[in-house]
Each structure stands twice: as C-alpha cells, then as structure tokens.
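model.txt (compact mmCIF, N, CA and C atoms) appears below.
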```txt
# COMPACT_ATOMS: atom_id res chain seq x y z
N MET A 1 7.06 9.38 1.72
CA MET A 1 7.06 7.99 1.29
C MET A 1 5.68 7.39 1.51
N ASP A 2 4.67 8.00 0.94
CA ASP A 2 3.34 7.48 1.18
C ASP A 2 2.47 7.44 -0.08
N THR A 3 3.10 7.51 -1.24
CA THR A 3 2.35 7.31 -2.48
C THR A 3 2.72 5.93 -3.03
N ARG A 4 1.92 5.44 -3.93
CA ARG A 4 2.13 4.09 -4.47
C ARG A 4 3.55 3.92 -5.02
N GLY A 5 3.96 4.85 -5.85
CA GLY A 5 5.29 4.77 -6.46
C GLY A 5 6.41 4.80 -5.44
N GLN A 6 6.26 5.64 -4.44
CA GLN A 6 7.30 5.73 -3.40
C GLN A 6 7.35 4.46 -2.56
N ILE A 7 6.20 3.91 -2.23
CA ILE A 7 6.16 2.69 -1.42
C ILE A 7 6.76 1.53 -2.20
N ILE A 8 6.34 1.36 -3.44
CA ILE A 8 6.87 0.26 -4.27
C ILE A 8 8.37 0.43 -4.49
N GLY A 9 8.80 1.65 -4.79
CA GLY A 9 10.23 1.90 -5.02
C GLY A 9 11.08 1.62 -3.81
N THR A 10 10.63 2.06 -2.66
CA THR A 10 11.39 1.85 -1.42
C THR A 10 11.50 0.37 -1.09
N LEU A 11 10.38 -0.33 -1.16
CA LEU A 11 10.41 -1.76 -0.84
C LEU A 11 11.17 -2.54 -1.90
N GLY A 12 11.15 -2.07 -3.15
CA GLY A 12 11.95 -2.70 -4.20
C GLY A 12 13.44 -2.61 -3.90
N HIS A 13 13.88 -1.49 -3.36
CA HIS A 13 15.29 -1.33 -2.97
C HIS A 13 15.65 -2.25 -1.80
N LEU A 14 14.66 -2.70 -1.06
CA LEU A 14 14.89 -3.63 0.05
C LEU A 14 14.70 -5.08 -0.39
N ASP A 15 14.73 -5.31 -1.70
CA ASP A 15 14.65 -6.63 -2.33
C ASP A 15 13.28 -7.29 -2.27
N PHE A 16 12.23 -6.50 -2.03
CA PHE A 16 10.88 -7.03 -2.20
C PHE A 16 10.55 -6.99 -3.68
N LYS A 17 9.76 -7.92 -4.15
CA LYS A 17 9.34 -7.92 -5.54
C LYS A 17 8.32 -6.80 -5.73
N ARG A 18 8.63 -5.90 -6.66
CA ARG A 18 7.77 -4.73 -6.87
C ARG A 18 6.35 -5.12 -7.26
N GLY A 19 6.21 -6.14 -8.09
CA GLY A 19 4.88 -6.58 -8.50
C GLY A 19 4.07 -7.10 -7.33
N HIS A 20 4.74 -7.78 -6.42
CA HIS A 20 4.06 -8.30 -5.24
C HIS A 20 3.62 -7.17 -4.32
N VAL A 21 4.48 -6.18 -4.15
CA VAL A 21 4.14 -5.02 -3.32
C VAL A 21 2.93 -4.30 -3.93
N ALA A 22 2.94 -4.12 -5.24
CA ALA A 22 1.82 -3.47 -5.92
C ALA A 22 0.52 -4.25 -5.72
N MET A 23 0.61 -5.57 -5.80
CA MET A 23 -0.57 -6.41 -5.60
C MET A 23 -1.11 -6.28 -4.18
N LEU A 24 -0.21 -6.30 -3.20
CA LEU A 24 -0.64 -6.17 -1.81
C LEU A 24 -1.28 -4.81 -1.54
N LEU A 25 -0.73 -3.76 -2.14
CA LEU A 25 -1.34 -2.44 -1.99
C LEU A 25 -2.74 -2.42 -2.60
N ALA A 26 -2.87 -2.98 -3.80
CA ALA A 26 -4.16 -2.98 -4.48
C ALA A 26 -5.20 -3.77 -3.70
N GLU A 27 -4.82 -4.95 -3.23
CA GLU A 27 -5.77 -5.81 -2.52
C GLU A 27 -6.07 -5.30 -1.11
N GLY A 28 -5.14 -4.59 -0.51
CA GLY A 28 -5.30 -4.16 0.87
C GLY A 28 -5.83 -2.75 1.04
N THR A 29 -6.20 -2.10 -0.07
CA THR A 29 -6.66 -0.71 0.00
C THR A 29 -8.17 -0.63 -0.17
N GLY A 30 -8.82 0.07 0.74
CA GLY A 30 -10.26 0.26 0.67
C GLY A 30 -10.78 0.86 1.97
N THR A 31 -12.06 0.71 2.20
CA THR A 31 -12.67 1.33 3.38
C THR A 31 -13.22 0.32 4.38
N ASN A 32 -13.23 -0.96 4.03
CA ASN A 32 -13.75 -1.99 4.92
C ASN A 32 -12.65 -2.44 5.87
N ARG A 33 -12.75 -2.07 7.13
CA ARG A 33 -11.71 -2.39 8.11
C ARG A 33 -11.51 -3.88 8.33
N GLU A 34 -12.50 -4.68 8.01
CA GLU A 34 -12.39 -6.13 8.17
C GLU A 34 -11.56 -6.76 7.06
N VAL A 35 -11.44 -6.07 5.94
CA VAL A 35 -10.76 -6.63 4.77
C VAL A 35 -9.50 -5.85 4.41
N HIS A 36 -9.53 -4.54 4.55
CA HIS A 36 -8.45 -3.67 4.08
C HIS A 36 -7.56 -3.18 5.21
N ARG A 37 -6.33 -2.86 4.85
CA ARG A 37 -5.36 -2.32 5.81
C ARG A 37 -5.12 -0.83 5.62
N TRP A 38 -5.28 -0.37 4.37
CA TRP A 38 -4.95 1.01 4.04
C TRP A 38 -6.09 1.67 3.31
N ARG A 39 -6.02 3.00 3.26
CA ARG A 39 -6.90 3.79 2.39
C ARG A 39 -6.01 4.72 1.59
N ARG A 40 -6.52 5.19 0.46
CA ARG A 40 -5.79 6.12 -0.39
C ARG A 40 -6.68 7.31 -0.65
N ASP A 41 -6.14 8.51 -0.45
CA ASP A 41 -6.94 9.71 -0.69
C ASP A 41 -6.85 10.16 -2.14
N ALA A 42 -7.53 11.24 -2.46
CA ALA A 42 -7.59 11.73 -3.85
C ALA A 42 -6.21 12.12 -4.39
N ALA A 43 -5.28 12.47 -3.51
CA ALA A 43 -3.92 12.83 -3.93
C ALA A 43 -3.04 11.61 -4.11
N GLY A 44 -3.56 10.39 -3.82
CA GLY A 44 -2.79 9.18 -3.96
C GLY A 44 -1.94 8.83 -2.76
N THR A 45 -2.21 9.46 -1.63
CA THR A 45 -1.47 9.22 -0.41
C THR A 45 -2.11 8.08 0.38
N TYR A 46 -1.30 7.13 0.78
CA TYR A 46 -1.78 5.98 1.55
C TYR A 46 -1.64 6.24 3.05
N THR A 47 -2.65 5.83 3.81
CA THR A 47 -2.59 5.87 5.28
C THR A 47 -3.21 4.59 5.81
N LEU A 48 -2.82 4.22 7.00
CA LEU A 48 -3.40 3.03 7.64
C LEU A 48 -4.83 3.30 8.05
N LEU A 49 -5.67 2.29 7.91
CA LEU A 49 -7.02 2.38 8.48
C LEU A 49 -6.87 2.18 9.97
N SER A 50 -7.51 3.00 10.75
CA SER A 50 -7.41 2.84 12.20
C SER A 50 -8.77 2.88 12.86
```

Taking this structure as input, can you express it in the form of structure tokens?
Amino acid sequence: MDTRGQIIGTLGHLDFKRGHVAMLLAEGTGTNREVHRWRRDAAGTYTLLS
C-alpha cells in the first residue's frame, strides 16, 4: 500500500475524497524536508522523508 493508486484507493474507501488525497500527495512529495512529507522513487513507491 505505498503507490499513488493504492494510497488514494485505500483512503477513498475510508471516505476521504480521492481528489483531495491526490492533491495532498502531489503537493507533499519532493526532497525538501522543510516543505515535503514524502518522496517517491522511480517505481512509484512513496516513503516518508526522515
């Protein structure tokens, strides 16, 4: 459960708005620890920035 589709699908089943989840993933993904929460690798797998 760590690809974009899996994350959005799972949270959608928990009554989160899928579009909102997608937006949060897009805005929160990157390499700047001050701005982003997650990173995504070449395979599309998301992990927390630590």

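CA of Gln6 in chain A is positioned 13.7 Å from atom C of Leu24 in chain A.
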
Looking at all atoms listed in the file, which of A:Leu49, A:Arg40, A:Val35, A:Ile8 is the one that sits closest to Ala22 in chain A?
A:Ile8

Got a sec to tell me which of range 1-47 of chain A DSSP assigns to helix (DSSP H, G or I), as a VMD selection string?
chain A and resid 4 to 13 18 to 28

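What separates CA of Ser50 in chain A from CA of Asp15 in chain A is a distance of 28.1 Å.
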
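With CA of Met23 in chain A on one side and CA of Gly9 in chain A on the other, the separation reads 13.6 Å.
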
Could you pull out the residues in chain A that DSSP calls strand (DSSP E or B) from the backbone, as a list in words?
Thr3, Thr29, Trp38, Arg39, Arg40, Thr45, Tyr46, Thr47 and Leu48 of chain A

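Closest approach to Ile7 in chain A among A:Trp38, A:Val21, A:Leu48, A:Glu27 is made by A:Val21 (distances from only C-alpha atoms).
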
If you count only C-alpha atoms, which residues fall within 12 Å of Ala43 in chain A, apart from same-chain ones fewer than 4 positions away, as a VMD selection string?
chain A and resid 2 to 4 39 47

Hey, could you pull the box centre and edge lengths for range 17-34 of chain A, axis-aligned, 5 Å padding per side, all listed atoms, to one decimal in Å, as JSON?
```
{"center_x": -2.0, "center_y": -3.5, "center_z": -0.1, "size_x": 33.5, "size_y": 19.6, "size_z": 26.8}
```
